[in-house]
$ cat structure.txt   # compact mmCIF, C-alpha atoms and all ligand atoms
# COMPACT_ATOMS: atom_id res chain seq x y z
CA MET D 1246 194.71 -68.28 227.97
CA ALA D 1247 193.19 -70.57 230.60
CA ILE D 1248 189.42 -70.97 230.85
CA THR D 1249 188.32 -69.33 234.10
CA LYS D 1250 185.98 -71.09 236.49
CA GLU D 1251 183.29 -68.56 235.58
CA ASP D 1252 183.73 -69.29 231.85
CA ARG D 1253 183.67 -73.03 232.54
CA PHE D 1254 180.28 -72.77 234.11
CA SER D 1255 178.87 -70.39 231.53
CA CYS D 1256 179.21 -73.31 229.14
CA SER D 1257 177.61 -76.73 229.34
CA VAL D 1258 180.94 -78.41 228.45
CA HIS D 1259 184.33 -78.30 230.17
CA LEU D 1260 187.34 -80.40 231.11
CA SER D 1261 187.27 -82.21 234.46
CA ASP D 1262 189.47 -80.91 237.30
CA ASP D 1263 192.07 -83.61 236.64
CA GLY D 1264 191.97 -82.70 232.93
CA ARG D 1265 191.43 -86.30 231.81
CA SER D 1266 187.68 -86.29 230.99
CA VAL D 1267 185.06 -84.12 229.36
CA VAL D 1268 182.31 -83.00 231.73
CA ILE D 1269 178.94 -82.03 230.25
CA LEU D 1270 175.73 -80.78 231.77
CA ASP D 1271 173.24 -83.42 230.58
CA GLN D 1272 170.82 -81.28 228.57
CA THR D 1273 168.30 -84.14 228.32
CA GLN D 1274 167.60 -83.75 232.05
CA LEU D 1275 166.80 -80.03 231.98
CA PRO D 1276 164.89 -78.17 233.28
CA ASN D 1277 164.08 -80.61 236.09
CA ARG D 1278 167.51 -81.93 237.05
CA GLN D 1279 171.03 -80.55 236.76
CA GLU D 1280 173.13 -83.65 236.18
CA TYR D 1281 176.70 -83.75 234.93
CA LEU D 1282 178.19 -86.60 232.90
CA THR D 1283 181.87 -87.47 232.76
CA LEU D 1284 182.99 -88.72 229.35
CA ASP D 1285 186.35 -90.27 228.60
CA THR D 1286 185.80 -92.87 225.91
CA LEU D 1287 184.98 -92.57 222.22
CA GLU D 1288 181.75 -94.51 222.75
CA ALA D 1289 180.62 -92.26 225.62
CA LEU D 1290 181.37 -89.09 223.62
CA CYS D 1291 179.52 -90.32 220.53
CA GLU D 1292 176.57 -91.53 222.58
CA ALA D 1293 176.29 -88.18 224.43
CA ILE D 1294 176.31 -86.30 221.12
CA ARG D 1295 173.81 -88.67 219.48
CA ARG D 1296 171.27 -88.55 222.28
CA LEU D 1297 171.66 -84.76 222.61
CA ALA D 1298 173.03 -84.82 226.16
CA VAL D 1299 175.38 -82.27 224.61
CA ARG D 1300 173.79 -80.36 221.76
CA GLY D 1301 173.82 -77.06 219.88
CA ALA D 1302 176.35 -76.70 217.07
CA PRO D 1303 179.09 -74.71 218.89
CA ALA D 1304 178.80 -76.74 222.13
CA ILE D 1305 179.16 -79.94 220.12
CA GLY D 1306 182.30 -78.42 218.55
CA ILE D 1307 183.75 -77.52 221.97
CA CYS D 1308 182.93 -81.02 223.23
CA ALA D 1309 184.63 -82.56 220.19
CA GLY D 1310 187.77 -80.47 220.80
CA TYR D 1311 187.99 -81.57 224.43
CA GLY D 1312 186.98 -85.08 223.41
CA MET D 1313 189.85 -85.44 220.95
CA TYR D 1314 192.30 -84.28 223.63
CA VAL D 1315 190.92 -86.72 226.21
CA LEU D 1316 191.08 -89.56 223.66
CA ALA D 1317 194.70 -88.61 222.91
CA LEU D 1318 195.54 -88.92 226.62
CA ARG D 1319 194.28 -92.49 226.56
CA GLU D 1320 196.69 -93.48 223.78
CA GLU D 1321 199.62 -95.12 225.51
CA THR D 1322 201.86 -95.62 222.49
CA GLU D 1323 205.10 -93.64 222.27
CA ASP D 1324 205.24 -94.15 218.49
CA PRO D 1325 204.00 -90.95 216.75
CA ALA D 1326 202.89 -92.86 213.62
CA VAL D 1327 200.76 -95.31 215.63
CA PHE D 1328 199.42 -92.41 217.69
CA THR D 1329 198.49 -90.44 214.56
CA ALA D 1330 196.73 -93.43 212.97
CA ALA D 1331 194.71 -94.04 216.15
CA MET D 1332 193.66 -90.39 216.35
CA GLU D 1333 192.62 -90.34 212.68
CA GLN D 1334 190.46 -93.39 213.24
CA LYS D 1335 188.82 -92.03 216.40
CA GLY D 1336 188.35 -88.60 214.83
CA ALA D 1337 186.48 -90.12 211.88
CA VAL D 1338 184.08 -91.94 214.22
CA LEU D 1339 183.52 -88.89 216.44
CA ALA D 1340 182.93 -86.57 213.45
CA ALA D 1341 180.20 -88.90 212.17
CA ALA D 1342 178.20 -88.93 215.43
CA ARG D 1343 175.79 -86.30 214.06
CA PRO D 1344 175.83 -85.23 210.41
CA THR D 1345 174.27 -81.78 210.15
CA ALA D 1346 176.13 -79.37 212.44
CA VAL D 1347 179.41 -78.57 210.72
CA ASN D 1348 181.09 -77.50 213.99
CA LEU D 1349 181.56 -81.16 214.98
CA LYS D 1350 183.57 -81.98 211.87
CA TRP D 1351 185.28 -78.57 212.03
CA ALA D 1352 186.56 -79.12 215.58
CA VAL D 1353 187.67 -82.71 214.92
CA GLU D 1354 189.51 -81.60 211.78
CA ARG D 1355 191.14 -78.75 213.67
CA MET D 1356 192.44 -81.16 216.32
CA LEU D 1357 193.57 -83.64 213.64
CA GLY D 1358 195.34 -80.76 211.89
CA ILE D 1359 197.53 -80.40 215.00
CA VAL D 1360 198.32 -84.12 214.95
CA ARG D 1361 199.09 -84.08 211.21
CA GLY D 1362 201.25 -80.98 211.50
CA SER D 1363 203.39 -82.35 214.33
CA ALA D 1364 205.89 -84.42 212.37
CA GLY D 1365 209.01 -84.92 214.45
CA CYS D 1366 207.18 -84.41 217.77
CA SER D 1367 206.82 -87.09 220.42
CA ALA D 1368 203.35 -88.32 221.39
CA ALA D 1369 203.69 -86.37 224.66
CA GLU D 1370 204.45 -83.15 222.78
CA ILE D 1371 201.47 -83.68 220.48
CA LYS D 1372 199.21 -84.17 223.52
CA GLU D 1373 200.44 -80.88 224.96
CA LYS D 1374 199.67 -79.11 221.66
CA LEU D 1375 196.22 -80.74 221.58
CA TYR D 1376 195.54 -79.41 225.07
CA ARG D 1377 196.33 -75.87 223.94
CA GLU D 1378 194.15 -76.29 220.84
CA CYS D 1379 191.03 -77.49 222.65
CA ILE D 1380 191.33 -74.62 225.13
CA ALA D 1381 191.75 -72.25 222.16
CA ILE D 1382 188.58 -73.62 220.52
CA HIS D 1383 186.62 -72.92 223.72
CA ASN D 1384 188.16 -69.48 224.27
CA GLU D 1385 187.49 -68.50 220.67
CA ASP D 1386 183.86 -69.55 221.02
CA ILE D 1387 183.50 -67.33 224.08
CA GLU D 1388 184.95 -64.41 222.11
CA MET D 1389 182.86 -65.17 219.02
CA CYS D 1390 179.64 -65.35 221.04
CA THR D 1391 180.46 -62.01 222.66
CA ARG D 1392 181.05 -60.34 219.30
CA ILE D 1393 177.92 -61.93 217.76
CA SER D 1394 175.91 -60.64 220.72
CA GLU D 1395 177.27 -57.11 220.20
CA TYR D 1396 176.41 -57.14 216.50
CA GLY D 1397 172.98 -58.63 217.19
CA LEU D 1398 172.24 -56.02 219.83
CA SER D 1399 172.80 -53.29 217.25
CA LEU D 1400 169.85 -54.66 215.23
CA VAL D 1401 167.12 -54.22 217.85
CA LYS D 1402 165.67 -51.47 220.04
CA PRO D 1403 164.95 -51.59 223.78
CA GLY D 1404 161.54 -53.16 224.40
CA ASP D 1405 161.44 -55.05 221.08
CA GLY D 1406 159.77 -58.43 220.87
CA ILE D 1407 162.14 -61.14 219.62
CA LEU D 1408 161.02 -64.57 218.51
CA THR D 1409 163.45 -67.49 218.67
CA HIS D 1410 163.28 -71.15 217.75
CA CYS D 1411 165.10 -74.08 219.41
CA ASN D 1412 167.97 -73.19 221.72
CA ALA D 1413 170.97 -71.09 220.79
CA GLY D 1414 171.79 -69.75 224.23
CA PRO D 1415 174.70 -70.45 226.60
CA LEU D 1416 173.79 -74.15 226.90
CA ALA D 1417 174.30 -74.61 223.17
CA THR D 1418 177.42 -72.46 222.94
CA SER D 1419 179.40 -70.57 225.55
CA LYS D 1420 179.04 -67.29 227.44
CA TYR D 1421 175.99 -65.40 226.04
CA GLY D 1422 175.07 -67.79 223.24
CA THR D 1423 174.40 -66.78 219.66
CA ALA D 1424 170.70 -66.14 218.91
CA ILE D 1425 170.03 -65.44 222.60
CA GLY D 1426 173.30 -63.50 222.99
CA PRO D 1427 171.93 -60.02 222.19
CA VAL D 1428 169.17 -60.51 224.75
CA LEU D 1429 171.55 -61.61 227.53
CA LEU D 1430 174.14 -58.95 226.69
CA GLY D 1431 171.34 -56.37 226.60
CA LYS D 1432 170.12 -57.57 230.00
CA GLU D 1433 173.61 -57.03 231.42
CA ARG D 1434 173.44 -53.43 230.16
CA GLY D 1435 169.95 -52.76 231.46
CA ILE D 1436 168.29 -53.12 228.04
CA ASP D 1437 165.17 -55.27 228.17
CA PHE D 1438 163.49 -57.24 225.42
CA HIS D 1439 160.51 -59.52 225.34
CA VAL D 1440 161.30 -62.98 223.97
CA PHE D 1441 158.85 -65.44 222.46
CA SER D 1442 160.36 -68.90 222.67
CA ASP D 1443 158.90 -71.53 220.32
CA GLU D 1444 158.62 -74.79 222.28
CA THR D 1445 160.30 -76.58 219.32
CA ARG D 1446 158.73 -79.97 218.78
CA PRO D 1447 159.59 -82.80 219.01
CA LEU D 1448 162.44 -82.43 221.53
CA LEU D 1449 161.20 -79.23 223.14
CA GLN D 1450 164.53 -77.40 223.26
CA GLY D 1451 162.63 -74.10 223.35
CA ALA D 1452 160.55 -75.13 226.36
CA ARG D 1453 163.15 -77.13 228.27
CA LEU D 1454 166.24 -75.04 227.52
CA THR D 1455 165.54 -71.58 226.08
CA SER D 1456 162.70 -70.57 228.38
CA TYR D 1457 164.70 -72.07 231.29
CA GLU D 1458 167.85 -70.06 230.47
CA LEU D 1459 165.96 -66.82 229.89
CA GLN D 1460 163.68 -67.13 232.91
CA ARG D 1461 166.72 -67.86 235.11
CA ALA D 1462 168.46 -64.80 233.67
CA GLY D 1463 165.49 -62.59 234.54
CA VAL D 1464 164.48 -61.99 230.92
CA ASP D 1465 160.81 -61.41 230.07
CA VAL D 1466 160.12 -64.64 228.16
CA THR D 1467 156.88 -66.17 226.91
CA LEU D 1468 156.81 -69.80 225.87
CA ILE D 1469 154.60 -70.57 222.88
CA CYS D 1470 153.75 -73.72 220.93
CA ASP D 1471 155.35 -73.80 217.48
CA ASN D 1472 151.99 -73.25 215.79
CA MET D 1473 151.51 -69.95 217.68
CA ALA D 1474 154.36 -68.08 215.98
CA SER D 1475 152.00 -66.75 213.33
CA ILE D 1476 149.53 -65.21 215.77
CA VAL D 1477 152.16 -63.41 217.86
CA MET D 1478 153.62 -62.00 214.64
CA LYS D 1479 150.18 -60.97 213.39
CA ASN D 1480 149.47 -59.28 216.74
CA GLY D 1481 152.49 -57.02 216.14
CA TRP D 1482 154.40 -58.42 219.13
CA VAL D 1483 157.53 -59.48 217.22
CA GLN D 1484 160.00 -56.96 215.81
CA ALA D 1485 162.76 -59.44 214.91
CA CYS D 1486 163.42 -63.18 214.69
CA PHE D 1487 166.79 -64.42 215.97
CA VAL D 1488 167.68 -68.06 215.36
CA GLY D 1489 170.88 -70.12 215.52
CA CYS D 1490 172.36 -72.23 212.76
CA ASP D 1491 174.02 -75.62 212.41
CA ARG D 1492 175.56 -75.15 208.97
CA ILE D 1493 175.53 -72.14 206.65
CA ALA D 1494 176.15 -72.92 203.00
CA ALA D 1495 178.22 -70.65 200.74
CA ASN D 1496 175.05 -69.14 199.21
CA GLY D 1497 173.52 -68.27 202.60
CA ASP D 1498 171.06 -71.16 202.82
CA PHE D 1499 171.33 -72.57 206.33
CA ALA D 1500 170.30 -75.61 208.35
CA ASN D 1501 168.81 -75.12 211.78
CA LYS D 1502 166.38 -76.99 214.00
CA ILE D 1503 163.33 -78.34 212.23
CA GLY D 1504 160.67 -75.63 211.98
CA THR D 1505 163.08 -72.74 211.43
CA SER D 1506 162.21 -72.41 207.74
CA GLY D 1507 158.51 -72.14 208.63
CA VAL D 1508 159.28 -69.28 211.02
CA ALA D 1509 161.28 -67.57 208.24
CA ILE D 1510 158.37 -67.89 205.81
CA LEU D 1511 155.98 -66.38 208.38
CA ALA D 1512 158.43 -63.55 209.13
CA LYS D 1513 158.62 -62.71 205.43
CA TYR D 1514 154.82 -62.66 205.19
CA TYR D 1515 154.50 -60.29 208.15
CA GLY D 1516 157.47 -58.13 207.08
CA ILE D 1517 159.55 -58.96 210.17
CA PRO D 1518 163.36 -59.05 209.83
CA PHE D 1519 164.70 -62.60 210.16
CA TYR D 1520 168.31 -63.15 211.26
CA THR D 1521 170.47 -66.19 211.85
CA LEU D 1522 173.32 -65.70 214.29
CA GLY D 1523 176.34 -67.99 214.34
CA PRO D 1524 180.11 -68.16 214.56
CA THR D 1525 182.22 -68.34 211.41
CA SER D 1526 182.96 -71.97 212.36
CA THR D 1527 179.35 -72.70 211.32
CA ILE D 1528 179.87 -71.37 207.80
CA ASP D 1529 180.83 -74.18 205.43
CA MET D 1530 182.23 -72.61 202.28
CA ASP D 1531 182.77 -76.13 200.87
CA CYS D 1532 179.00 -76.60 200.89
CA PRO D 1533 177.59 -74.70 197.89
CA THR D 1534 173.87 -74.64 198.79
CA GLY D 1535 171.36 -75.92 201.32
CA ALA D 1536 170.63 -78.86 199.02
CA ASP D 1537 174.13 -80.14 199.85
CA ILE D 1538 173.52 -80.25 203.62
CA LYS D 1539 172.88 -83.72 205.01
CA ILE D 1540 169.81 -83.69 207.24
CA GLU D 1541 169.82 -85.98 210.24
CA GLN D 1542 166.80 -88.29 210.61
CA ARG D 1543 165.98 -89.26 214.18
CA ASP D 1544 164.07 -91.96 216.03
CA PRO D 1545 160.30 -91.86 215.30
CA ASP D 1546 159.66 -92.50 219.00
CA GLU D 1547 160.70 -88.90 219.66
CA ILE D 1548 157.33 -88.07 218.05
CA ARG D 1549 155.28 -91.09 219.18
CA THR D 1550 156.19 -91.57 222.82
CA MET D 1551 158.78 -89.21 224.21
CA TRP D 1552 157.64 -86.79 226.96
CA TYR D 1553 154.24 -88.46 227.29
CA ARG D 1554 152.93 -90.66 230.10
CA GLU D 1555 151.32 -92.79 227.41
CA PRO D 1556 152.18 -93.02 223.71
CA MET D 1557 150.50 -90.34 221.60
CA ALA D 1558 150.42 -92.49 218.48
CA LEU D 1559 150.16 -96.13 217.53
CA PRO D 1560 153.56 -97.84 217.69
CA GLU D 1561 153.24 -98.89 214.04
CA VAL D 1562 152.34 -95.44 212.71
CA LYS D 1563 154.79 -94.10 210.16
CA CYS D 1564 156.66 -90.93 211.25
CA TYR D 1565 158.94 -88.51 209.46
CA ASN D 1566 161.38 -86.98 211.93
CA PRO D 1567 164.05 -84.78 210.32
CA ALA D 1568 166.01 -82.97 213.03
CA PHE D 1569 166.74 -79.92 210.86
CA ASP D 1570 165.43 -78.04 207.88
CA VAL D 1571 167.08 -75.66 205.46
CA THR D 1572 165.99 -72.04 205.32
CA ASP D 1573 166.38 -70.53 201.90
CA HIS D 1574 168.73 -67.54 201.83
CA THR D 1575 166.02 -65.44 200.13
CA LEU D 1576 164.13 -65.44 203.44
CA LEU D 1577 167.11 -64.14 205.42
CA THR D 1578 167.56 -60.46 206.27
CA ALA D 1579 171.17 -60.97 207.37
CA ILE D 1580 173.64 -63.41 208.90
CA VAL D 1581 175.13 -62.13 212.16
CA THR D 1582 178.65 -63.50 212.64
CA ASP D 1583 181.57 -62.76 214.94
CA ARG D 1584 183.20 -60.92 212.02
CA GLY D 1585 180.25 -58.67 211.31
CA ILE D 1586 176.75 -58.63 209.85
CA VAL D 1587 176.53 -60.16 206.39
CA TYR D 1588 173.78 -58.87 204.11
CA PRO D 1589 172.71 -60.16 200.66
CA PRO D 1590 174.03 -61.03 198.18
CA PHE D 1591 175.26 -63.76 200.52
CA ASP D 1592 177.30 -65.69 197.93
CA VAL D 1593 179.41 -62.59 197.32
CA ASN D 1594 179.55 -61.25 200.88
CA LEU D 1595 180.29 -64.58 202.60
CA LYS D 1596 183.29 -64.97 200.28
CA LYS D 1597 184.47 -61.47 201.29
CA LEU D 1598 184.20 -62.49 204.97
CA PHE D 1599 186.81 -65.19 204.40
CA ALA D 1600 188.97 -63.21 201.97
O1 LIG W 1701 169.38 -80.91 217.56
P1 LIG W 1701 169.95 -79.75 218.32
O2 LIG W 1701 169.22 -79.48 219.60
O3 LIG W 1701 171.45 -79.88 218.50
O4 LIG W 1701 169.71 -78.53 217.36
C1 LIG W 1701 170.28 -77.32 217.67
C2 LIG W 1701 169.84 -76.20 216.87
O5 LIG W 1701 169.23 -76.32 215.85
C3 LIG W 1701 170.32 -74.89 217.33
O6 LIG W 1701 169.42 -73.88 217.02
C4 LIG W 1701 171.64 -74.67 216.60
O7 LIG W 1701 172.55 -75.70 216.90
C5 LIG W 1701 172.25 -73.41 216.87
S1 LIG W 1701 173.08 -73.49 218.42
C6 LIG W 1701 173.83 -72.08 218.68

$ encode --input "structure.txt" --output "structure tokens"
Amino acid sequence: MAITKEDRFSCSVHLSDDGRSVVILDQTQLPNRQEYLTLDTLEALCEAIRRLAVRGAPAIGICAGYGMYVLALREETEDPAVFTAAMEQKGAVLAAARPTAVNLKWAVERMLGIVRGSAGCSAAEIKEKLYRECIAIHNEDIEMCTRISEYGLSLVKPGDGILTHCNAGPLATSKYGTAIGPVLLGKERGIDFHVFSDETRPLLQGARLTSYELQRAGVDVTLICDNMASIVMKNGWVQACFVGCDRIAANGDFANKIGTSGVAILAKYYGIPFYTLGPTSTIDMDCPTGADIKIEQRDPDEIRTMWYREPMALPEVKCYNPAFDVTDHTLLTAIVTDRGIVYPPFDVNLKKLFA
């Protein structure tokens, strides 16, 4: 099925009109500027992923699918063996651009699976198959986000206060998003919620992206600093926490934007249900526990100087800047996936999901 123009623009990633490049909405420029970048080299794709011009686990996966196709188009060889070797090499580099979100590796592997399974095909035939696969990855994400949003919506009541952390809306995925999906789907059906969006230091995805998406969609959203989550919970203003995920381990531990585990601990203290919402492509059954998830460390200047007119710390001051943390599965009420809501015991029930 082709991606419609409406679908293309409900996602921050799509193929260019001539089908030879990946076009992304540069998320680093939001909310002040809507700028699109055209990517058609391995270096440009990796750089865009590394500097978070494209970000959010599913959007990175969609970008990687399109990216692998675009890179395949640039291979001029007619020899399938040379073509396959080149794609393996480029896939390995692309998959390593960011380590934590499993969707990147998942999408690259899925595209490489097409290449590996095409023995006897010409390079042109493999490229055609790769085109169909990257479109399928995007279409499936649209469907998965829609189903996740439906399941998530069943967990809350009209008028509820929902707290979210980082950005797991349409910019980070497609269509409705994951954590934000129930809110946007509800809005479409005339069901209103009140959202508290953590600003999400140090890169401010909550301020720059989540409050932007929700405000634009006409949702009642309040932006708070990360250290205000406790008071809004204590005030009784939050009935559920909805967050995204970058990798879910087989035991239900999951990595998400730094600060998520703190929100989960607070939610437990105040007796508020805490959900992570994500597609099955984010579940990594080869990863036994959260301790096995590699956490990306980022540039200390994101803490010291970024977003400020003047540096907010001495240049030589030591910083610790992990991009993600792992939330222990014991803090999770349920995992909301496109295949249903998974409750504890997660080790048993996640296995059943894939059975
Ligand atoms: O570093 P980022 O901005 O890519 O981190 C993203 C998050 O942690 C999101 O919450 C996560 O990818 C879920 S996106 C649906």

$ closest_atom_pairs --input "structure.txt" --of "chain D" --to "ligand LIG 1701 (chain W)" --cutoff "8 Å" --atoms "all atoms listed in the file" --output "CSV"
residue,atom,partner,partner_atom,distance
D:Leu1297,CA,W:LIG1701,O3,6.4
D:Val1299,CA,W:LIG1701,O3,7.6
D:Arg1300,CA,W:LIG1701,O3,4.0
D:Gly1301,CA,W:LIG1701,O7,3.5
D:Ala1302,CA,W:LIG1701,O7,3.9
D:Pro1303,CA,W:LIG1701,C6,5.9
D:Ala1304,CA,W:LIG1701,S1,7.6
D:Ile1305,CA,W:LIG1701,O3,7.9
D:Ala1346,CA,W:LIG1701,O7,6.8
D:His1410,CA,W:LIG1701,O6,6.8
D:Cys1411,CA,W:LIG1701,O6,4.9
D:Asn1412,CA,W:LIG1701,O6,5.0
D:Ala1413,CA,W:LIG1701,C6,3.7
D:Gly1414,CA,W:LIG1701,C6,6.4
D:Ala1417,CA,W:LIG1701,S1,5.0
D:Thr1418,CA,W:LIG1701,C6,5.6
D:Gly1422,CA,W:LIG1701,C6,6.4
D:Thr1423,CA,W:LIG1701,C6,5.4
D:Ala1424,CA,W:LIG1701,C6,6.7
D:Leu1448,CA,W:LIG1701,O2,7.6
D:Gln1450,CA,W:LIG1701,O2,6.3
D:Val1488,CA,W:LIG1701,O6,6.3
D:Gly1489,CA,W:LIG1701,C5,3.8
D:Cys1490,CA,W:LIG1701,C5,4.3
D:Asp1491,CA,W:LIG1701,O7,4.7
D:Ala1500,CA,W:LIG1701,O5,7.6
D:Asn1501,CA,W:LIG1701,O5,4.3
D:Lys1502,CA,W:LIG1701,O5,3.5
D:Ile1503,CA,W:LIG1701,O5,7.2
D:Leu1522,CA,W:LIG1701,C6,7.8
D:Gly1523,CA,W:LIG1701,C6,6.5
D:Ala1568,CA,W:LIG1701,O1,6.0
D:Phe1569,CA,W:LIG1701,O5,6.6

$ residues_around --input "structure.txt" --residues "D:Tyr1588" --least-positions-apart "5" --cutoff "7 Å" --atoms "only C-alpha atoms" --output "MDAnalysis selection string"
chainID D and resid 1578:1580

$ residues_around --input "structure.txt" --residues "D:Asp1271" --least-positions-apart "4" --cutoff "7 Å" --atoms "all atoms listed in the file" --output "ChimeraX atom specification"
/D:1280-1282,1298-1299

$ closest_residue --input "structure.txt" --among "D:Thr1409, D:Gln1279, D:Ser1506, D:Thr1329" --to "D:Thr1467" --atoms "only C-alpha atoms"
D:Thr1409

$ closest_residue --input "structure.txt" --among "D:Lys1420, D:Lys1479, D:Arg1295, D:Lys1596" --to "D:Glu1458" --atoms "all atoms listed in the file"
D:Lys1420

$ closest_residue --input "structure.txt" --among "D:Arg1343, D:Arg1265, D:Lys1335, D:Lys1432" --to "D:Arg1461" --atoms "all atoms listed in the file"
D:Lys1432

$ residues_around --input "structure.txt" --residues "stretch 1512-1517 of chain D" --least-positions-apart "2" --cutoff "7 Å" --atoms "all atoms listed in the file" --output "ChimeraX atom specification"
/D:1478-1479,1484-1485,1508-1510,1519,1576

$ atom_distance --input "structure.txt" --atom1 "atom CA of D:Ser1526" --atom2 "atom CA of D:Val1347"
7.7 Å

$ closest_residue --input "structure.txt" --among "D:Ala1536, D:Leu1270, D:Cys1470, D:Ala1337" --to "D:Ile1493" --atoms "all atoms listed in the file"
D:Ala1536

$ residues_near_point --input "structure.txt" --point "(190.9, -78.0, 223.4)" --cutoff "7 Å" --atoms "all atoms listed in the file" --output "list in words"
Gly1310, Tyr1311, Tyr1314, Leu1375, Tyr1376, Arg1377, Glu1378, Cys1379, Ile1380, Ala1381, Ile1382 and His1383 of chain D

$ write_last_selection --input "structure.txt" --atoms "C-alpha atoms" --output "compact mmCIF listing (two decimals), in the coordinates of the input"
# COMPACT_ATOMS: atom_id res chain seq x y z
CA GLY D 1310 187.77 -80.47 220.80
CA TYR D 1311 187.99 -81.57 224.43
CA TYR D 1314 192.30 -84.28 223.63
CA LEU D 1375 196.22 -80.74 221.58
CA TYR D 1376 195.54 -79.41 225.07
CA ARG D 1377 196.33 -75.87 223.94
CA GLU D 1378 194.15 -76.29 220.84
CA CYS D 1379 191.03 -77.49 222.65
CA ILE D 1380 191.33 -74.62 225.13
CA ALA D 1381 191.75 -72.25 222.16
CA ILE D 1382 188.58 -73.62 220.52
CA HIS D 1383 186.62 -72.92 223.72

$ atom_distance --input "structure.txt" --atom1 "atom CA of D:Cys1291" --atom2 "atom CA of D:Leu1318"
17.2 Å

$ residues_near_point --input "structure.txt" --point "(163.3, -58.7, 228.9)" --cutoff "8 Å" --atoms "all atoms listed in the file" --output "list in words"
Gly1404, Val1428, Lys1432, Ile1436, Asp1437, Phe1438, His1439, Val1440, Gly1463, Val1464, Asp1465 and Val1466 of chain D

$ residues_around --input "structure.txt" --residues "stretch 1350-1354 of chain D" --least-positions-apart "4" --cutoff "6 Å" --atoms "all atoms listed in the file" --output "mmCIF file with C-alpha atoms, keeping the file's coordinate frame"
data_model
loop_
_atom_site.group_PDB
_atom_site.id
_atom_site.type_symbol
_atom_site.label_atom_id
_atom_site.label_comp_id
_atom_site.auth_asym_id
_atom_site.auth_seq_id
_atom_site.Cartn_x
_atom_site.Cartn_y
_atom_site.Cartn_z
ATOM 1 C CA GLY D 1306 182.300 -78.420 218.550
ATOM 2 C CA GLY D 1310 187.770 -80.470 220.800
ATOM 3 C CA GLY D 1336 188.350 -88.600 214.830
ATOM 4 C CA ALA D 1340 182.930 -86.570 213.450
ATOM 5 C CA GLY D 1358 195.340 -80.760 211.890
#

$ closest_residue --input "structure.txt" --among "D:Asp1498, D:Thr1525, D:Pro1427, D:Glu1561" --to "D:Met1389" --atoms "only C-alpha atoms"
D:Thr1525

$ closest_residue --input "structure.txt" --among "D:Cys1532, D:Leu1339, D:Leu1275, D:Ala1330" --to "D:Leu1287" --atoms "all atoms listed in the file"
D:Leu1339

$ atom_distance --input "structure.txt" --atom1 "atom CA of D:Leu1284" --atom2 "atom CA of D:Val1268"
6.2 Å
